[in-house]
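Here is the file model-v1.tsv (TSV, C-alpha atoms).
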chain	number	residue	atom	x	y	z
A	1450	MET	CA	78.18	-56.09	15.15
A	1451	ALA	CA	81.04	-55.83	12.60
A	1452	LEU	CA	78.57	-56.04	9.72
A	1453	LEU	CA	76.37	-53.38	11.33
A	1454	LEU	CA	79.34	-51.01	11.69
A	1455	VAL	CA	80.34	-51.56	8.07
A	1456	GLY	CA	76.78	-50.82	6.96
A	1457	CYS	CA	76.65	-47.59	8.98
A	1458	SER	CA	80.04	-46.52	7.64
A	1459	PHE	CA	78.86	-47.10	4.05
A	1460	GLN	CA	75.70	-45.02	4.55
A	1461	ALA	CA	77.66	-42.16	6.12
A	1462	ASN	CA	80.08	-41.99	3.22
A	1463	HIS	CA	77.39	-42.34	0.50
A	1464	PRO	CA	74.50	-39.92	1.14
A	1465	ALA	CA	71.32	-40.29	-0.89
A	1466	PRO	CA	71.77	-38.62	-4.30
A	1467	VAL	CA	69.78	-35.49	-5.03
A	1468	GLU	CA	68.44	-37.01	-8.26
A	1469	SER	CA	67.09	-40.20	-6.63
A	1470	LEU	CA	63.51	-38.90	-6.90
A	1471	SER	CA	63.98	-38.13	-10.59
A	1472	ARG	CA	65.39	-41.59	-11.33
A	1473	LYS	CA	62.52	-43.37	-9.59
A	1474	GLN	CA	59.95	-41.34	-11.51
A	1475	ALA	CA	61.72	-41.11	-14.85
A	1476	LYS	CA	59.43	-43.65	-16.54
A	1477	HIS	CA	56.33	-42.08	-15.04
A	1478	HIS	CA	57.28	-38.67	-16.42
A	1479	GLN	CA	57.95	-39.97	-19.92
A	1480	SER	CA	54.28	-39.74	-20.95
A	1481	GLN	CA	55.27	-38.36	-24.32
A	1482	ILE	CA	53.25	-39.08	-27.43
A	1483	LYS	CA	55.33	-41.33	-29.69
A	1484	ALA	CA	52.69	-42.15	-32.34
A	1485	GLU	CA	52.54	-40.45	-35.74
A	1486	VAL	CA	48.86	-39.57	-35.28
A	1487	TYR	CA	46.90	-38.41	-32.25
A	1488	LYS	CA	43.16	-38.27	-31.56
A	1489	VAL	CA	42.27	-35.06	-29.74
A	1490	LYS	CA	40.67	-35.49	-26.31
A	1491	LYS	CA	38.56	-33.05	-24.34
A	1492	GLY	CA	40.79	-30.44	-22.65
A	1493	ASP	CA	43.65	-30.82	-25.16
A	1494	THR	CA	45.16	-27.80	-26.88
A	1495	LEU	CA	47.58	-27.80	-29.80
A	1496	TYR	CA	50.24	-26.65	-27.33
A	1497	SER	CA	49.67	-29.45	-24.82
A	1498	ILE	CA	49.76	-32.03	-27.63
A	1499	SER	CA	52.94	-30.60	-29.15
A	1500	PHE	CA	54.45	-30.39	-25.65
A	1501	ALA	CA	53.76	-34.08	-24.99
A	1502	ALA	CA	55.04	-35.03	-28.45
A	1503	GLY	CA	58.17	-32.88	-28.18
A	1504	LYS	CA	57.22	-31.12	-31.42
A	1505	ASP	CA	57.01	-27.52	-32.56
A	1506	PHE	CA	53.35	-26.46	-32.45
A	1507	THR	CA	53.79	-24.50	-35.70
A	1508	GLU	CA	55.02	-27.66	-37.44
A	1509	ILE	CA	51.96	-29.67	-36.33
A	1510	ALA	CA	49.69	-26.78	-37.37
A	1511	LYS	CA	51.29	-26.71	-40.82
A	1512	ILE	CA	51.03	-30.47	-41.33
A	1513	ASN	CA	47.32	-30.39	-40.43
A	1514	GLN	CA	46.62	-27.12	-42.28
A	1515	LEU	CA	45.37	-25.33	-39.16
A	1516	ASP	CA	44.89	-21.57	-39.32
A	1517	LYS	CA	46.52	-19.09	-36.93
A	1518	SER	CA	43.81	-19.61	-34.32
A	1519	TYR	CA	45.16	-23.19	-33.87
A	1520	THR	CA	41.64	-24.40	-33.10
A	1521	ILE	CA	41.21	-28.15	-32.58
A	1522	TYR	CA	38.25	-30.20	-31.35
A	1523	PRO	CA	37.68	-33.52	-29.52
A	1524	GLY	CA	37.73	-36.50	-31.86
A	1525	GLN	CA	39.87	-34.74	-34.45
A	1526	VAL	CA	42.82	-36.81	-35.68
A	1527	LEU	CA	46.07	-34.87	-36.00
A	1528	ARG	CA	49.16	-36.01	-37.84
A	1529	LEU	CA	52.25	-35.35	-35.74
A	1530	THR	CA	54.75	-36.14	-38.49
A	1531	GLU	CA	54.55	-35.40	-42.17
A	1532	SER	CA	54.06	-38.52	-44.28
A	1533	PRO	CA	56.75	-39.35	-46.88
A	1534	ILE	CA	54.11	-39.18	-49.63
A	1535	ALA	CA	53.10	-35.65	-48.61
A	1536	LYS	CA	56.73	-34.57	-48.44
A	1537	SER	CA	57.51	-35.94	-51.90
A	1538	SER	CA	54.36	-34.46	-53.50
A	1539	GLN	CA	55.09	-31.10	-51.85
A	1540	ALA	CA	58.66	-31.15	-53.20
A	1541	THR	CA	57.42	-32.07	-56.71
A	1542	SER	CA	54.79	-29.34	-56.60
A	1543	SER	CA	57.37	-26.76	-55.46
A	1544	THR	CA	59.77	-27.77	-58.25
A	1545	ALA	CA	57.03	-27.58	-60.87
A	1546	LYS	CA	55.92	-24.19	-59.57
A	1547	VAL	CA	59.47	-22.82	-59.74
A	1548	SER	CA	59.86	-24.17	-63.29
A	1549	ARG	CA	56.58	-22.56	-64.39
A	1550	ASN	CA	57.50	-19.28	-62.76
A	1551	ASN	CA	60.96	-19.27	-64.33
A	1552	GLY	CA	59.45	-20.05	-67.73
A	1553	SER	CA	56.92	-17.23	-67.52
A	1554	VAL	CA	59.59	-14.78	-66.33
A	1555	GLU	CA	61.84	-15.69	-69.27
A	1556	VAL	CA	59.01	-15.35	-71.82
A	1557	LYS	CA	58.02	-12.00	-70.33
A	1558	ALA	CA	61.61	-10.78	-70.47
A	1559	LEU	CA	61.90	-11.77	-74.16
A	1560	GLU	CA	58.63	-10.00	-74.98
A	1561	ASN	CA	59.83	-6.85	-73.24
A	1562	GLN	CA	63.15	-6.94	-75.08
A	1563	HIS	CA	61.35	-7.42	-78.42
A	1564	TYR	CA	59.00	-4.50	-77.75
A	1565	ALA	CA	61.83	-2.22	-76.63
A	1566	SER	CA	63.99	-2.97	-79.69
A	1567	ASN	CA	61.12	-2.50	-82.18
A	1568	SER	CA	59.51	0.61	-80.71
A	1569	PRO	CA	61.04	3.89	-82.03
A	1570	GLN	CA	59.34	5.90	-79.30
A	1571	SER	CA	60.24	3.60	-76.43
A	1572	ALA	CA	63.21	5.68	-75.29
A	1573	ALA	CA	61.28	8.93	-75.54
A	1574	SER	CA	58.17	7.68	-73.80
A	1575	GLY	CA	60.02	5.66	-71.12
A	1576	THR	CA	60.30	8.59	-68.72
A	1577	SER	CA	56.66	9.68	-69.06
A	1578	THR	CA	55.42	6.08	-68.76
A	1579	LYS	CA	57.45	5.64	-65.56
A	1580	LYS	CA	55.99	8.86	-64.14
A	1581	THR	CA	52.45	7.75	-64.98
A	1582	LEU	CA	53.01	4.35	-63.32
A	1583	ASP	CA	54.55	6.03	-60.28
A	1584	GLN	CA	51.56	8.34	-60.00
A	1585	LYS	CA	49.12	5.43	-60.27
A	1586	ALA	CA	51.05	3.54	-57.61
A	1587	LYS	CA	51.13	6.61	-55.36
A	1588	PRO	CA	48.10	5.83	-53.13
A	1589	GLU	CA	49.84	4.05	-50.26
A	1590	TYR	CA	46.99	4.07	-47.77
A	1591	SER	CA	45.79	0.53	-48.46
A	1592	ALA	CA	49.32	-0.91	-48.32
A	1593	THR	CA	50.06	1.00	-45.12
A	1594	SER	CA	46.78	-0.10	-43.55
A	1595	SER	CA	47.38	-3.77	-44.33
A	1596	GLN	CA	50.92	-3.46	-42.98
A	1597	GLN	CA	49.57	-1.95	-39.77
A	1598	MET	CA	47.13	-4.85	-39.44
A	1599	VAL	CA	49.91	-7.38	-39.90
A	1600	ASN	CA	52.12	-5.58	-37.37
A	1601	HIS	CA	49.25	-5.34	-34.90
A	1602	GLU	CA	48.56	-9.06	-35.19
A	1603	ALA	CA	52.23	-9.93	-34.83
A	1604	SER	CA	52.65	-7.64	-31.82
A	1605	THR	CA	50.14	-9.54	-29.68
A	1606	LEU	CA	53.12	-11.55	-28.44
A	1607	PRO	CA	56.77	-10.49	-28.28
A	1608	VAL	CA	58.97	-11.41	-31.23
A	1609	ASP	CA	61.59	-12.54	-28.75
A	1610	VAL	CA	61.87	-12.95	-24.99
A	1611	SER	CA	63.54	-9.85	-23.57
A	1612	GLN	CA	63.69	-11.01	-19.95
A	1613	TRP	CA	63.60	-14.31	-18.07
A	1614	GLN	CA	62.96	-14.53	-14.34
A	1615	TRP	CA	63.09	-17.38	-11.85
A	1616	PRO	CA	59.57	-18.81	-11.49
A	1617	ALA	CA	59.88	-19.67	-7.80
A	1618	ARG	CA	62.13	-19.44	-4.76
A	1619	GLY	CA	63.54	-22.59	-3.27
A	1620	LYS	CA	66.28	-25.18	-3.38
A	1621	LEU	CA	67.24	-26.67	-6.73
A	1622	VAL	CA	66.67	-30.41	-6.25
A	1623	GLY	CA	66.72	-31.60	-9.86
A	1624	ALA	CA	68.95	-30.61	-12.75
A	1625	TYR	CA	68.29	-30.65	-16.49
A	1626	SER	CA	69.48	-33.64	-18.49
A	1627	ALA	CA	69.67	-33.95	-22.27
A	1628	ASN	CA	69.47	-37.77	-22.08
A	1629	GLU	CA	66.36	-39.35	-23.54
A	1630	GLN	CA	65.22	-40.63	-20.14
A	1631	GLY	CA	66.60	-37.61	-18.27
A	1632	ASN	CA	64.80	-34.73	-16.61
A	1633	LYS	CA	63.74	-32.20	-19.25
A	1634	GLY	CA	63.63	-29.28	-16.84
A	1635	ILE	CA	64.72	-28.22	-13.39
A	1636	LYS	CA	63.04	-28.98	-10.06
A	1637	ILE	CA	62.68	-26.36	-7.33
A	1638	ALA	CA	61.62	-27.57	-3.88
A	1639	GLY	CA	59.45	-25.41	-1.65
A	1640	GLN	CA	56.49	-25.31	0.70
A	1641	ARG	CA	52.94	-26.09	-0.35
A	1642	GLY	CA	51.27	-22.86	-1.40
A	1643	ASP	CA	54.49	-21.06	-2.36
A	1644	ILE	CA	53.97	-18.65	-5.24
A	1645	ILE	CA	54.85	-19.65	-8.82
A	1646	LYS	CA	55.44	-16.76	-11.22
A	1647	ALA	CA	55.55	-16.40	-14.99
A	1648	ALA	CA	59.18	-16.54	-16.12
A	1649	ALA	CA	58.54	-14.08	-18.99
A	1650	ASP	CA	55.74	-12.14	-20.66
A	1651	GLY	CA	53.35	-14.30	-22.66
A	1652	ARG	CA	49.96	-15.95	-23.01
A	1653	VAL	CA	48.60	-18.99	-21.17
A	1654	VAL	CA	47.99	-21.68	-23.78
A	1655	TYR	CA	47.29	-24.58	-21.44
A	1656	ALA	CA	46.03	-24.86	-17.86
A	1657	GLY	CA	45.00	-28.31	-16.74
A	1658	ASN	CA	46.06	-31.78	-15.64
A	1659	ALA	CA	45.62	-33.99	-18.71
A	1660	LEU	CA	49.35	-34.70	-19.16
A	1661	ARG	CA	50.18	-37.69	-16.99
A	1662	GLY	CA	53.15	-37.16	-14.70
A	1663	TYR	CA	52.93	-33.34	-14.71
A	1664	GLY	CA	49.99	-32.91	-12.35
A	1665	ASN	CA	48.40	-29.47	-12.52
A	1666	LEU	CA	50.28	-27.86	-15.39
A	1667	VAL	CA	50.47	-24.36	-16.88
A	1668	ILE	CA	52.06	-23.76	-20.29
A	1669	ILE	CA	52.84	-20.20	-21.40
A	1670	LYS	CA	53.62	-19.19	-24.97
A	1671	HIS	CA	56.17	-16.36	-25.03
A	1672	SER	CA	56.78	-16.10	-28.78
A	1673	GLU	CA	56.68	-18.26	-31.89
A	1674	ASP	CA	59.93	-19.78	-30.60
A	1675	TYR	CA	59.52	-20.28	-26.84
A	1676	LEU	CA	57.13	-22.00	-24.43
A	1677	SER	CA	57.58	-22.48	-20.69
A	1678	ALA	CA	55.90	-25.06	-18.47
A	1679	TYR	CA	55.12	-25.11	-14.72
A	1680	ALA	CA	54.20	-28.55	-13.36
A	1681	HIS	CA	52.91	-30.13	-10.10
A	1682	ALA	CA	51.02	-26.99	-9.02
A	1683	ASP	CA	48.66	-27.26	-6.07
A	1684	GLN	CA	46.42	-24.55	-7.49
A	1685	ILE	CA	46.29	-22.87	-10.93
A	1686	LEU	CA	45.43	-19.17	-10.76
A	1687	VAL	CA	45.26	-18.30	-14.48
A	1688	GLU	CA	43.09	-19.33	-17.41
A	1689	GLU	CA	43.85	-20.31	-20.99
A	1690	LYS	CA	44.20	-17.37	-23.43
A	1691	GLN	CA	45.06	-15.04	-20.54
A	1692	ASN	CA	47.98	-12.67	-21.10
A	1693	VAL	CA	50.52	-12.60	-18.27
A	1694	LEU	CA	53.51	-10.44	-17.42
A	1695	VAL	CA	56.91	-11.55	-16.21
A	1696	GLY	CA	56.75	-12.03	-12.43
A	1697	GLN	CA	52.96	-12.36	-12.36
A	1698	THR	CA	51.61	-15.07	-10.03
A	1699	ILE	CA	50.17	-17.93	-12.09
A	1700	ALA	CA	49.94	-20.83	-9.61
A	1701	LYS	CA	50.81	-22.16	-6.17
A	1702	MET	CA	53.35	-24.88	-5.53
A	1703	GLY	CA	52.13	-28.37	-4.72
A	1704	SER	CA	52.78	-32.07	-5.31
A	1705	THR	CA	50.20	-33.09	-7.91
A	1706	GLY	CA	51.62	-35.83	-10.13
A	1707	THR	CA	54.59	-36.41	-7.81
A	1708	ASN	CA	55.37	-37.23	-4.16
A	1709	GLN	CA	57.28	-34.08	-3.21
A	1710	VAL	CA	56.19	-30.45	-3.02
A	1711	MET	CA	58.09	-28.78	-5.82
A	1712	LEU	CA	57.91	-26.95	-9.13
A	1713	ARG	CA	59.08	-28.67	-12.27
A	1714	PHE	CA	59.99	-25.91	-14.71
A	1715	GLU	CA	60.74	-26.41	-18.40
A	1716	ILE	CA	61.58	-24.18	-21.35
A	1717	ARG	CA	60.90	-25.43	-24.87
A	1718	TYR	CA	62.51	-23.93	-27.99
A	1719	HIS	CA	60.69	-24.97	-31.19
A	1720	GLY	CA	59.24	-27.87	-29.23
A	1721	GLN	CA	62.57	-29.14	-27.92
A	1722	SER	CA	63.44	-28.93	-24.23
A	1723	VAL	CA	66.45	-26.77	-23.37
A	1724	ASN	CA	68.33	-26.18	-20.12
A	1725	PRO	CA	66.47	-23.43	-18.20
A	1726	LEU	CA	69.67	-22.50	-16.36
A	1727	ASN	CA	71.04	-21.16	-19.66
A	1728	TYR	CA	68.20	-18.62	-19.72
A	1729	LEU	CA	67.48	-17.75	-16.11
A	1730	PRO	CA	69.60	-15.07	-14.37
A	1731	LYS	CA	72.48	-16.35	-12.28
A	1732	GLN	CA	71.76	-16.65	-8.57

Give the structure from this file in structure tokens form.
Amino acid sequence: MALLLVGCSFQANHPAPVESLSRKQAKHHQSQIKAEVYKVKKGDTLYSISFAAGKDFTEIAKINQLDKSYTIYPGQVLRLTESPIAKSSQATSSTAKVSRNNGSVEVKALENQHYASNSPQSAASGTSTKKTLDQKAKPEYSATSSQQMVNHEASTLPVDVSQWQWPARGKLVGAYSANEQGNKGIKIAGQRGDIIKAAADGRVVYAGNALRGYGNLVIIKHSEDYLSAYAHADQILVEEKQNVLVGQTIAKMGSTGTNQVMLRFEIRYHGQSVNPLNYLPKQ
């Protein structure tokens, strides 16, 4: 009886920690890609691969010389880190290029100085030559058109995130941790079927369940800097390449990939997870 009373007293004074679920599933959630190369599987996107590897998608695209469409295909082998040989050859090539450019600039400058000092009419004709060059350079339509095209392409997604919004209503049951084995987002508990909303304007770059431990997952690209992720959804209501607005319904809350109905929400900055509470409005 005495032992039973002691046991009850201990349980009363030490309630179950909120993060107990996270600790039990920490290893299960760490399905990150640790290898230096990755063979693309069906359903993968560059964003889902970079998300699992904890890398910036633009860095992986650059290493593998992918164009702006970021198209990949099953069976393709992607390097996730730049090899030391490539780094050293790139540095050598850059140094050589700078040296060549500096040399040509210096030679050109000497030639110009020589011509100016030996031409009796250089001072007199300088003004008229400048006017002629200015007139020839006058047509600005092509430059303006190309600039408009660049601006149009860049404006398909915001340069920066102007507004963040909570993706779901519910009790916060898991906090962000910067530790290697810690939770890389926040966890919001709710009822099955509760609405999950886009936390900011952007484009859906992944909608599927190929990442072990995340269940049904939606990843939204907001800019070249930020991605957000919405895990454990019961139902995904958007498709890849679909543009979404802040507050737009993208999924319904569920328990896929876990044993509790909740939303696991992450924000990634250049591939690295950051604390969402530093971005979301205070409640």

Provide the atom CA of A:Ser1497 to atom CA of A:Tyr1655 distance in Å, to one decimal place.
6.4 Å

Between A:Val1710, A:Ala1700, A:Ala1617, A:Val1693, which residue has the minimum interatomic distance to A:Ala1656, considering all atoms listed in the file?
A:Ala1700

Counting only C-alpha atoms, what is within 9 Å of A:Tyr1728, bar same-chain residues fewer than 5 positions away, as a CSV table (one decimal) with C-alpha atoms, in the frame of the given file?
chain,number,residue,atom,x,y,z
A,1612,GLN,CA,63.7,-11.0,-20.0
A,1613,TRP,CA,63.6,-14.3,-18.1
A,1614,GLN,CA,63.0,-14.5,-14.3
A,1716,ILE,CA,61.6,-24.2,-21.4

Shortest interatomic distance to A:Tyr1663 - which of A:Gln1630, A:Thr1705, A:Gln1525, A:Ser1677, counting all atoms listed in the file:
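Residue with the minimum atom-to-atom distance to A:Tyr1663: A:Thr1705.
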
Find, counting only C-alpha atoms, the residue in A:His1671, A:His1681, A:Lys1731, A:Leu1527 that gets nearest to A:Leu1515.
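Result for the nearest residue to A:Leu1515: A:Leu1527.
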
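Ranking A:Lys1488, A:Arg1661, A:Lys1646, A:Arg1618 by their shortest atom-to-atom distance to A:Ala1501, with only C-alpha atoms included, puts A:Arg1661 first.
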
Can you pull out the residues contacting A:Trp1615? Cut-off 8 Å, using all atoms listed in the file, and skip same-chain residues under 5 positions away; I want them as a PyMOL selection string.
chain A and resi 1646+1648+1729-1730

From A:Gly1720, A:Gln1732, A:Gln1709, A:Ser1611, residue lying nearest A:Leu1495 [all atoms listed in the file]:
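Going through A:Gly1720, A:Gln1732, A:Gln1709, A:Ser1611 one by one, the smallest distance to A:Leu1495 is for A:Gly1720.
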
Length of the atom CA of A:Ala1682 to atom CA of A:Gly1706 vector [Å]:
8.9 Å

For the atom pair atom CA of A:Gln1481 and atom CA of A:Leu1529, what is the interatomic distance in Å to one decimal place?
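Atom CA of A:Leu1529 lies 12.2 Å from atom CA of A:Gln1481.
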
Measuring atom to atom with all atoms listed in the file, identify which of A:Tyr1625, A:Phe1506, A:Tyr1496, A:Phe1714 is nearest to A:Glu1689.
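That would be A:Tyr1496, the residue with the smallest distance to A:Glu1689.
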